[in-house]
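my_file_6.cif, holding mmCIF, C-alpha atoms and all ligand atoms:
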```
data_coords
loop_
_atom_site.label_atom_id
_atom_site.label_comp_id
_atom_site.auth_asym_id
_atom_site.auth_seq_id
_atom_site.Cartn_x
_atom_site.Cartn_y
_atom_site.Cartn_z
CA MET I 1 12.58 -7.84 30.67
CA ASP I 2 14.65 -4.85 31.63
CA VAL I 3 16.01 -4.62 28.11
CA ILE I 4 12.50 -3.75 26.81
CA LYS I 5 12.19 -0.86 29.23
CA ARG I 6 15.64 0.55 28.48
CA SER I 7 15.26 0.20 24.72
CA ALA I 8 11.82 1.84 24.83
CA GLU I 9 13.28 4.79 26.75
CA PHE I 10 15.98 5.13 24.11
CA LEU I 11 13.46 5.11 21.24
CA ASP I 12 11.23 7.56 23.09
CA LYS I 13 14.14 10.03 23.33
CA LYS I 14 14.68 9.62 19.59
CA GLY I 15 11.09 10.69 18.93
CA VAL I 16 9.82 7.26 17.83
CA GLU I 17 6.08 6.80 18.31
CA SER I 18 4.79 3.91 20.48
CA PRO I 19 8.35 3.04 21.55
CA ARG I 20 7.51 0.08 23.78
CA LEU I 21 5.41 -1.56 21.09
CA GLN I 22 8.24 -1.08 18.60
CA VAL I 23 10.76 -2.73 20.92
CA GLU I 24 8.40 -5.64 21.59
CA LEU I 25 7.84 -6.20 17.87
CA LEU I 26 11.58 -6.14 17.16
CA LEU I 27 12.39 -8.46 20.04
CA ALA I 28 9.58 -10.88 19.18
CA HIS I 29 10.83 -10.96 15.57
CA GLN I 30 14.36 -11.64 16.71
CA LEU I 31 13.32 -14.45 19.05
CA GLY I 32 10.87 -15.90 16.51
CA LEU I 33 7.97 -15.50 18.94
CA PRO I 34 4.55 -13.92 18.58
CA ARG I 35 4.54 -10.63 20.52
CA MET I 36 2.41 -12.11 23.30
CA GLY I 37 5.00 -14.87 23.62
CA LEU I 38 7.37 -12.31 25.14
CA TYR I 39 5.17 -12.14 28.23
CA LEU I 40 5.27 -15.89 28.64
CA ASN I 41 9.07 -15.68 28.55
CA PHE I 42 9.34 -12.57 30.67
CA GLU I 43 12.19 -13.81 32.83
CA ARG I 44 14.22 -15.12 29.90
CA VAL I 45 17.74 -13.66 29.77
CA LEU I 46 18.99 -12.80 26.29
CA THR I 47 22.18 -14.46 25.09
CA PRO I 48 25.09 -12.08 24.28
CA LYS I 49 24.44 -12.61 20.54
CA GLU I 50 20.72 -11.86 20.90
CA LEU I 51 21.58 -8.73 22.83
CA VAL I 52 24.03 -7.49 20.18
CA ASP I 53 21.49 -8.15 17.39
CA LEU I 54 18.69 -6.43 19.29
CA ARG I 55 20.89 -3.40 19.99
CA GLU I 56 21.66 -3.16 16.28
CA MET I 57 17.93 -3.19 15.41
CA ILE I 58 17.11 -0.65 18.12
CA LYS I 59 19.91 1.59 16.84
CA ARG I 60 18.43 1.45 13.33
CA ARG I 61 14.94 2.19 14.63
CA GLY I 62 16.36 5.05 16.74
CA ALA I 63 17.82 6.48 13.51
CA ARG I 64 14.16 6.47 12.32
CA GLU I 65 14.42 3.60 9.86
CA PRO I 66 10.87 2.20 9.51
CA LEU I 67 10.09 -0.86 11.60
CA GLN I 68 8.92 -2.69 8.47
CA HIS I 69 12.29 -2.17 6.75
CA ILE I 70 14.10 -3.63 9.75
CA LEU I 71 11.71 -6.60 9.90
CA GLY I 72 11.73 -6.89 6.09
CA THR I 73 7.98 -7.48 5.98
CA THR I 74 4.59 -5.99 6.70
CA SER I 75 1.05 -7.26 6.79
CA PHE I 76 -1.54 -6.10 4.25
CA CYS I 77 -5.10 -7.48 4.30
CA GLY I 78 -3.74 -10.42 6.28
CA LEU I 79 -1.06 -11.16 3.66
CA GLU I 80 2.59 -10.96 4.66
CA LEU I 81 4.50 -8.88 2.13
CA ALA I 82 8.21 -8.26 1.77
CA VAL I 83 9.16 -4.58 1.75
CA ASN I 84 12.41 -2.69 1.31
CA SER I 85 13.59 0.78 0.42
CA ALA I 86 12.44 0.32 -3.21
CA VAL I 87 8.74 0.35 -2.26
CA LEU I 88 6.35 2.40 -0.20
CA VAL I 89 5.49 0.58 3.02
CA PRO I 90 1.79 -0.22 2.49
CA ARG I 91 -0.38 1.83 4.84
CA PRO I 92 -3.32 0.47 6.84
CA GLU I 93 -5.81 2.81 5.14
CA THR I 94 -4.91 1.38 1.73
CA GLU I 95 -6.43 -1.90 2.93
CA MET I 96 -9.80 -0.13 2.70
CA LEU I 97 -9.14 0.65 -0.96
CA ALA I 98 -8.28 -3.01 -1.57
CA GLU I 99 -11.53 -4.05 0.08
CA MET I 100 -13.56 -1.57 -2.00
CA GLY I 101 -11.86 -3.02 -5.08
CA TRP I 102 -12.45 -6.71 -4.38
CA ASN I 103 -16.07 -6.03 -3.34
CA PHE I 104 -16.64 -4.37 -6.71
CA LEU I 105 -14.94 -7.17 -8.66
CA ASN I 106 -16.83 -9.88 -6.82
CA ALA I 107 -20.13 -8.05 -7.41
CA GLU I 108 -19.26 -7.92 -11.13
CA LEU I 109 -18.62 -11.65 -11.06
CA LEU I 110 -22.05 -12.19 -9.54
CA ASN I 111 -23.55 -10.00 -12.27
CA ALA I 112 -21.87 -12.23 -14.85
CA GLU I 113 -23.27 -15.34 -13.18
CA CYS I 114 -26.75 -13.79 -13.17
CA GLY I 115 -26.38 -12.81 -16.81
CA VAL I 116 -26.37 -9.06 -16.03
CA ARG I 117 -22.97 -8.77 -17.69
CA SER I 118 -21.36 -10.84 -20.37
CA ALA I 119 -19.85 -13.97 -18.84
CA GLU I 120 -17.42 -14.30 -21.74
CA SER I 121 -15.08 -11.52 -20.73
CA ARG I 122 -12.88 -12.22 -17.76
CA ILE I 123 -12.99 -9.84 -14.76
CA THR I 124 -9.96 -7.57 -15.00
CA ALA I 125 -8.30 -4.94 -12.84
CA LEU I 126 -5.44 -2.52 -13.34
CA ASP I 127 -3.28 -1.47 -10.40
CA PHE I 128 -1.62 1.86 -11.16
CA GLY I 129 1.69 2.29 -9.28
CA THR I 130 1.80 -1.13 -7.69
CA GLY I 131 4.87 -0.64 -5.43
CA SER I 132 5.05 -3.71 -3.18
CA GLY I 133 2.17 -5.20 -5.19
CA CYS I 134 -0.14 -4.91 -2.20
CA LEU I 135 -3.30 -3.86 -4.07
CA ALA I 136 -2.83 -6.16 -7.07
CA ILE I 137 -2.06 -9.14 -4.84
CA ALA I 138 -4.97 -8.50 -2.46
CA LEU I 139 -7.37 -8.18 -5.42
CA ALA I 140 -6.11 -11.39 -7.04
CA TRP I 141 -6.20 -13.16 -3.68
CA LYS I 142 -9.75 -12.11 -2.79
CA CYS I 143 -11.14 -12.44 -6.29
CA PRO I 144 -9.79 -15.71 -7.67
CA ALA I 145 -11.53 -15.17 -11.01
CA ALA I 146 -9.77 -11.87 -11.65
CA TRP I 147 -6.90 -11.12 -13.99
CA VAL I 148 -4.80 -8.16 -12.80
CA VAL I 149 -2.34 -5.91 -14.60
CA ALA I 150 0.06 -4.08 -12.28
CA ILE I 151 2.15 -1.16 -13.51
CA ASP I 152 5.06 0.66 -11.95
CA VAL I 153 7.75 2.94 -13.29
CA SER I 154 10.30 1.53 -10.83
CA PRO I 155 12.02 -1.73 -11.90
CA GLU I 156 13.21 -2.28 -8.30
CA ALA I 157 9.64 -2.05 -7.01
CA LEU I 158 8.44 -4.56 -9.59
CA VAL I 159 11.04 -7.08 -8.39
CA VAL I 160 9.57 -6.84 -4.88
CA ALA I 161 5.97 -6.98 -6.16
CA GLN I 162 6.67 -10.04 -8.29
CA ARG I 163 8.29 -11.87 -5.39
CA ASN I 164 5.29 -11.06 -3.21
CA ALA I 165 2.92 -12.38 -5.86
CA VAL I 166 4.87 -15.64 -6.08
CA ARG I 167 4.86 -15.94 -2.31
CA HIS I 168 1.05 -15.80 -2.32
CA GLN I 169 0.67 -17.91 -5.46
CA VAL I 170 -1.21 -15.31 -7.46
CA ASN I 171 1.63 -14.61 -9.91
CA SER I 172 -0.06 -16.56 -12.71
CA ARG I 173 -2.97 -14.07 -12.62
CA ILE I 174 -0.99 -10.84 -12.36
CA GLU I 175 0.90 -9.32 -15.27
CA PHE I 176 3.56 -6.92 -14.01
CA ILE I 177 4.51 -4.18 -16.45
CA LEU I 178 7.33 -1.69 -16.21
CA GLY I 179 6.31 1.68 -17.58
CA ASP I 180 5.31 5.26 -17.13
CA GLY I 181 1.61 5.59 -16.42
CA LEU I 182 -1.08 4.24 -18.68
CA LYS I 183 1.22 4.33 -21.70
CA ALA I 184 2.43 0.99 -20.44
CA VAL I 185 -0.98 -0.71 -20.78
CA PRO I 186 -0.95 -3.27 -23.61
CA ALA I 187 -2.84 -2.08 -26.70
CA GLY I 188 -6.56 -2.67 -26.42
CA GLY I 189 -6.40 -3.23 -22.66
CA ARG I 190 -9.78 -2.62 -21.00
CA PHE I 191 -10.52 -3.11 -17.33
CA ASP I 192 -13.50 -3.47 -15.03
CA LEU I 193 -11.57 -1.68 -12.33
CA ILE I 194 -8.67 0.74 -12.24
CA VAL I 195 -7.33 1.02 -8.75
CA GLY I 196 -4.44 3.12 -7.53
CA ASN I 197 -2.70 4.83 -4.69
CA PRO I 198 -0.66 7.26 -6.78
CA PRO I 199 2.03 9.56 -5.36
CA TYR I 200 0.01 12.45 -3.91
CA ILE I 201 2.18 14.49 -1.55
CA PRO I 202 2.78 18.07 -2.74
CA SER I 203 6.53 18.29 -3.50
CA ALA I 204 7.23 21.03 -0.95
CA GLU I 205 5.54 19.05 1.86
CA ILE I 206 7.84 16.05 1.58
CA ALA I 207 10.54 17.77 3.66
CA THR I 208 8.04 18.19 6.53
CA LEU I 209 7.13 14.48 6.79
CA ASP I 210 8.42 12.13 9.48
CA PRO I 211 11.97 10.87 8.78
CA GLU I 212 10.62 7.31 8.37
CA VAL I 213 8.69 8.54 5.34
CA ARG I 214 10.80 11.34 3.85
CA GLU I 215 14.10 9.47 4.12
CA HIS I 216 13.01 5.87 3.59
CA ASP I 217 9.94 5.70 1.33
CA PRO I 218 11.06 6.20 -2.29
CA ARG I 219 10.58 9.82 -3.41
CA LEU I 220 9.04 8.40 -6.58
CA ALA I 221 6.25 6.94 -4.45
CA LEU I 222 5.49 10.21 -2.65
CA ASP I 223 5.92 13.15 -4.97
CA GLY I 224 2.67 14.21 -6.60
CA GLY I 225 4.01 17.48 -8.03
CA ALA I 226 3.39 21.06 -6.89
CA ASP I 227 -0.17 20.49 -5.61
CA GLY I 228 0.08 16.70 -5.19
CA LEU I 229 -2.48 16.15 -7.94
CA ASP I 230 -0.28 15.48 -10.98
CA PHE I 231 -1.14 11.77 -11.15
CA CYS I 232 -4.86 12.28 -10.52
CA ARG I 233 -4.91 14.89 -13.26
CA ARG I 234 -3.32 12.41 -15.67
CA LEU I 235 -5.62 9.60 -14.62
CA ALA I 236 -8.75 11.75 -14.91
CA ALA I 237 -7.70 12.71 -18.45
CA GLU I 238 -6.42 9.32 -19.64
CA ALA I 239 -8.04 6.47 -17.70
CA GLY I 240 -11.53 6.66 -19.22
CA CYS I 241 -10.60 4.83 -22.42
CA PHE I 242 -9.12 1.93 -20.43
CA LEU I 243 -12.37 1.17 -18.63
CA ARG I 244 -14.98 -1.29 -19.80
CA PRO I 245 -18.60 -0.10 -19.82
CA GLY I 246 -19.80 -0.16 -16.22
CA GLY I 247 -16.20 -0.03 -14.95
CA ARG I 248 -14.95 2.01 -12.01
CA ILE I 249 -11.84 3.91 -11.01
CA MET I 250 -10.99 3.85 -7.31
CA LEU I 251 -8.18 6.07 -6.06
CA GLU I 252 -6.59 6.99 -2.78
CA PHE I 253 -5.76 10.68 -2.33
CA GLY I 254 -4.09 13.00 0.18
CA ASP I 255 -5.34 15.13 3.05
CA GLY I 256 -7.64 17.93 1.95
CA GLN I 257 -7.57 16.96 -1.76
CA GLU I 258 -11.17 15.73 -1.99
CA ALA I 259 -12.79 18.85 -3.50
CA ALA I 260 -10.00 19.34 -6.04
CA ILE I 261 -10.07 15.68 -7.11
CA GLU I 262 -13.82 15.59 -7.44
CA LYS I 263 -13.63 18.69 -9.64
CA LEU I 264 -10.81 17.26 -11.76
CA PHE I 265 -12.77 14.10 -12.49
CA GLN I 266 -16.05 15.90 -13.14
CA GLU I 267 -14.30 18.23 -15.59
CA GLN I 268 -13.15 15.15 -17.51
CA LYS I 269 -16.72 13.81 -17.74
CA TRP I 270 -16.58 11.32 -14.91
CA ILE I 271 -19.45 10.72 -12.53
CA VAL I 272 -18.10 10.77 -9.01
CA GLU I 273 -20.04 8.06 -7.20
CA ALA I 274 -18.49 8.30 -3.77
CA VAL I 275 -15.81 9.93 -1.67
CA LYS I 276 -15.13 7.64 1.25
CA ALA I 277 -13.34 8.42 4.50
CA ASP I 278 -10.52 6.40 6.06
CA TYR I 279 -10.28 5.01 9.63
CA ASN I 280 -9.56 8.55 10.90
CA ALA I 281 -12.71 9.92 9.26
CA LYS I 282 -10.62 11.81 6.68
CA PRO I 283 -11.88 11.77 3.07
CA ARG I 284 -9.43 9.40 1.37
CA PHE I 285 -10.93 7.41 -1.54
CA LEU I 286 -12.64 8.42 -4.75
CA THR I 287 -14.90 6.11 -6.77
CA ALA I 288 -15.91 7.30 -10.21
CA ARG I 289 -17.35 5.93 -13.43
CA ARG I 290 -17.72 7.22 -16.95
CA ASP I 291 -20.78 9.07 -18.07
CA GLU I 292 -22.00 6.44 -20.54
C1 LIG I 301 2.19 5.80 -3.20
S1 LIG I 301 3.05 4.48 -4.00
C2 LIG I 301 1.82 3.20 -3.91
C3 LIG I 301 2.38 1.82 -3.84
C4 LIG I 301 1.32 0.76 -3.54
N1 LIG I 301 0.30 0.71 -4.55
C5 LIG I 301 0.68 1.02 -2.19
O1 LIG I 301 -0.50 1.39 -2.16
O2 LIG I 301 1.35 0.86 -1.17
C6 LIG I 301 2.99 5.00 -5.67
C7 LIG I 301 3.69 4.09 -6.68
O3 LIG I 301 3.57 4.70 -7.97
C8 LIG I 301 4.76 4.46 -8.70
N2 LIG I 301 4.89 5.47 -9.75
C9 LIG I 301 5.37 6.73 -9.65
N3 LIG I 301 5.35 7.32 -10.84
C10 LIG I 301 4.80 6.44 -11.73
C11 LIG I 301 4.52 6.49 -13.11
N4 LIG I 301 4.77 7.57 -13.85
N5 LIG I 301 3.98 5.39 -13.69
C12 LIG I 301 3.73 4.27 -12.95
N6 LIG I 301 3.97 4.17 -11.63
C13 LIG I 301 4.51 5.25 -11.02
C14 LIG I 301 5.85 4.54 -7.64
O4 LIG I 301 7.03 3.89 -8.08
C15 LIG I 301 5.17 3.87 -6.45
O5 LIG I 301 5.45 2.50 -6.41
#
```

What does this structure look like when you write it as structure tokens?
Amino acid sequence: MDVIKRSAEFLDKKGVESPRLQVELLLAHQLGLPRMGLYLNFERVLTPKELVDLREMIKRRGAREPLQHILGTTSFCGLELAVNSAVLVPRPETEMLAEMGWNFLNAELLNAECGVRSAESRITALDFGTGSGCLAIALAWKCPAAWVVAIDVSPEALVVAQRNAVRHQVNSRIEFILGDGLKAVPAGGRFDLIVGNPPYIPSAEIATLDPEVREHDPRLALDGGADGLDFCRRLAAEAGCFLRPGGRIMLEFGDGQEAAIEKLFQEQKWIVEAVKADYNAKPRFLTARRDE
């Protein structure tokens, strides 16, 4: 289709990465086809209405609105999630954090079945800064025995997260709480796992990010304070008393923050078990437990 070529050239000029792929995804969405379906309909001529709608989407993408906002959804761990400007668009690397989390929870479940841990207490996880709900929902989905508490300071984000949980039928096992940090955790709350992808971009760096991120992801989801470590500092100081014995904290962090985060946690009497790299071989995830 000629329209794909012309639209891709337009997006390329606007500095959009992988322009042809972007056009194909938008067009496939509009026609209700899988992307490969476009090639089976290569000679199909778009109706005037389809052409107008596609142009509108291409214009938005050319203005550097994220593809996921235009489509209204994204995929996370195979789950389709609604996204809008109230939530961070979940990133592919965060899927690794989700996987680390559900592997830990499922191993704990096995321990309970083998009598290594008390079978009376339910497996629980806390998702700090849930945004679209991606981590909480993936954990509940992959660990059907788990009870998850998901906190966010943004009421608009919680609306999106709750809708996503309903969509995947895990809403009865996730408690969504509006609040600032761990202050929002119900009294006496103790968790096997605290997971989080807190805001971790140093404030001054936000202006240097791609327009898709700096103008469309909520600032509240990005800004980690002067050095990007404000939330990790708070979690290192406060999260310990919300963990059950044997529990873990698993956090995503920003480029080049690994040494500082490790130090922060060690200073607060955590044992750093692992720092794991993402798909690009960049250190990205911290796993720590309390010195018991
Ligand atoms: C980087 S986003 C992560 C969203 C989602 N967990 C993900 O991985 O895509 C960070 C989230 O933390 C939330 N947040 C920021 N400050 C917070 C605070 N003081 N207490 C709780 N959540 C907060 C933001 O609203 C945002 O949804």

Using all atoms listed in the file, tabulate the residues of chain I lying at most 7 Å from any atom of ligand LIG 301 (chain I), each with its closest atom pair and that distance in Å to one decimal, by chain and increasing residue number, as CSV.
```
residue,atom,partner,partner_atom,distance
I:Val87,CA,I:LIG301,O5,5.7
I:Leu88,CA,I:LIG301,O2,5.3
I:Val89,CA,I:LIG301,O2,5.9
I:Pro90,CA,I:LIG301,O2,3.8
I:Arg91,CA,I:LIG301,O2,6.3
I:Thr94,CA,I:LIG301,O1,5.9
I:Phe128,CA,I:LIG301,N6,6.1
I:Gly129,CA,I:LIG301,O3,3.3
I:Thr130,CA,I:LIG301,N1,3.9
I:Gly131,CA,I:LIG301,O5,3.3
I:Ser132,CA,I:LIG301,C4,5.8
I:Gly133,CA,I:LIG301,N1,6.2
I:Cys134,CA,I:LIG301,C5,6.0
I:Leu135,CA,I:LIG301,N1,5.8
I:Ile151,CA,I:LIG301,C12,5.7
I:Asp152,CA,I:LIG301,N6,3.7
I:Val153,CA,I:LIG301,C12,4.2
I:Ser154,CA,I:LIG301,O4,4.9
I:Ala157,CA,I:LIG301,O5,6.2
I:Gly179,CA,I:LIG301,N5,5.9
I:Asp180,CA,I:LIG301,N5,3.7
I:Gly181,CA,I:LIG301,N5,3.6
I:Gly196,CA,I:LIG301,N1,6.1
I:Asn197,CA,I:LIG301,O1,4.8
I:Pro198,CA,I:LIG301,C6,4.4
I:Pro199,CA,I:LIG301,C1,4.3
I:Leu220,CA,I:LIG301,C9,5.1
I:Ala221,CA,I:LIG301,C15,3.8
I:Leu222,CA,I:LIG301,C1,5.5
```

Within 7 Å of (-17.2, 0.8, -16.1), all atoms listed in the file: residues as a list in words?
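Neighbouring residues, ordered by chain and number, come to Asp192, Leu243, Arg244, Pro245, Gly246, Gly247, Arg248, Arg289 and Arg290 of chain I.
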
Report as a PyMOL selection string all protein, DNA and RNA residues lying within 9 Å of region 6-19 of chain I, evaluated on all atoms listed in the file, omitting residues in the same chain fewer than 4 positions from it.
chain I and resi 2+23-24+55+58-59+61-64

Deliver the residues from the most recent selection as a file, using C-alpha atoms, as an mmCIF file, in the coordinates of the input.
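Output below, filename out.cif:
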```cif
data_model
loop_
_atom_site.group_PDB
_atom_site.id
_atom_site.type_symbol
_atom_site.label_atom_id
_atom_site.label_comp_id
_atom_site.auth_asym_id
_atom_site.auth_seq_id
_atom_site.Cartn_x
_atom_site.Cartn_y
_atom_site.Cartn_z
ATOM 1 C CA ASP I 2 14.650 -4.850 31.630
ATOM 2 C CA VAL I 23 10.760 -2.730 20.920
ATOM 3 C CA GLU I 24 8.400 -5.640 21.590
ATOM 4 C CA ARG I 55 20.890 -3.400 19.990
ATOM 5 C CA ILE I 58 17.110 -0.650 18.120
ATOM 6 C CA LYS I 59 19.910 1.590 16.840
ATOM 7 C CA ARG I 61 14.940 2.190 14.630
ATOM 8 C CA GLY I 62 16.360 5.050 16.740
ATOM 9 C CA ALA I 63 17.820 6.480 13.510
ATOM 10 C CA ARG I 64 14.160 6.470 12.320
#
```

Of I:His29, I:Arg167, I:Arg173, I:Arg234, the one nearest to Asp53 (chain I) when counting all atoms listed in the file is I:His29

Got a sec to check which residues sit within 9 Å of (-3.5, 4.8, 3.2), counting all atoms listed in the file, and write them as a PyMOL selection string?
chain I and resi 90-97+197+252-254+278+284

Writing out the chosen residues with C-alpha atoms as a PDB file, in the frame of the given file:
```pdb
ATOM      1  CA  PRO I  90       1.790  -0.220   2.490  1.00  0.00           C
ATOM      2  CA  ARG I  91      -0.380   1.830   4.840  1.00  0.00           C
ATOM      3  CA  PRO I  92      -3.320   0.470   6.840  1.00  0.00           C
ATOM      4  CA  GLU I  93      -5.810   2.810   5.140  1.00  0.00           C
ATOM      5  CA  THR I  94      -4.910   1.380   1.730  1.00  0.00           C
ATOM      6  CA  GLU I  95      -6.430  -1.900   2.930  1.00  0.00           C
ATOM      7  CA  MET I  96      -9.800  -0.130   2.700  1.00  0.00           C
ATOM      8  CA  LEU I  97      -9.140   0.650  -0.960  1.00  0.00           C
ATOM      9  CA  ASN I 197      -2.700   4.830  -4.690  1.00  0.00           C
ATOM     10  CA  GLU I 252      -6.590   6.990  -2.780  1.00  0.00           C
ATOM     11  CA  PHE I 253      -5.760  10.680  -2.330  1.00  0.00           C
ATOM     12  CA  GLY I 254      -4.090  13.000   0.180  1.00  0.00           C
ATOM     13  CA  ASP I 278     -10.520   6.400   6.060  1.00  0.00           C
ATOM     14  CA  ARG I 284      -9.430   9.400   1.370  1.00  0.00           C
TER      15      ARG I 284
END
```

Any idea what the distance is between CA of Ala98 (chain I) and CA of Ile137 (chain I)?
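These two atoms are separated by 9.3 Å.
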
Atomic distance CA of Trp147 (chain I) - CA of Lys269 (chain I), expressed in Å with one decimal:
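Between CA of Trp147 (chain I) and CA of Lys269 (chain I) the gap is 27.1 Å.
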
As an exercise, work out the distance from CA of Leu235 (chain I) to CA of Ala260 (chain I) in Å and give it to one decimal place.
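Between these atoms lies a distance of 13.7 Å.
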
Would you mind listing what lies within 12 Å of Asn106 (chain I) as a PyMOL selection string, with all atoms listed in the file counted and same-chain residues fewer than 3 positions away left out?
chain I and resi 99-103+109-113+122-125+139-146+192-193

Residue contacts of Leu229 (chain I) (8 Å, all atoms listed in the file) excluding same-chain residues fewer than 3 positions away, as a ChimeraX atom specification:
/I:200,202,224-226,232-233,261

Give the answer as one residue: which of I:Leu40, I:Val149, I:Cys241, I:Leu286 has the shortest atom-to-atom distance to Pro186 (chain I), using all atoms listed in the file?
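Closest residue, counting all atoms listed in the file: I:Val149.
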
Shell of 12 Å around Glu43 (chain I), only C-alpha atoms, local chain residues under 5 positions omitted, as a short mmCIF file (atom, residue, chain, number, x, y, z; two decimals) with C-alpha atoms, in the frame of the given file:
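For reference, part.cif as written:
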```
data_model
loop_
_atom_site.label_atom_id
_atom_site.label_comp_id
_atom_site.auth_asym_id
_atom_site.auth_seq_id
_atom_site.Cartn_x
_atom_site.Cartn_y
_atom_site.Cartn_z
CA MET I 1 12.58 -7.84 30.67
CA ASP I 2 14.65 -4.85 31.63
CA VAL I 3 16.01 -4.62 28.11
CA ILE I 4 12.50 -3.75 26.81
CA GLY I 37 5.00 -14.87 23.62
CA LEU I 38 7.37 -12.31 25.14
#
```
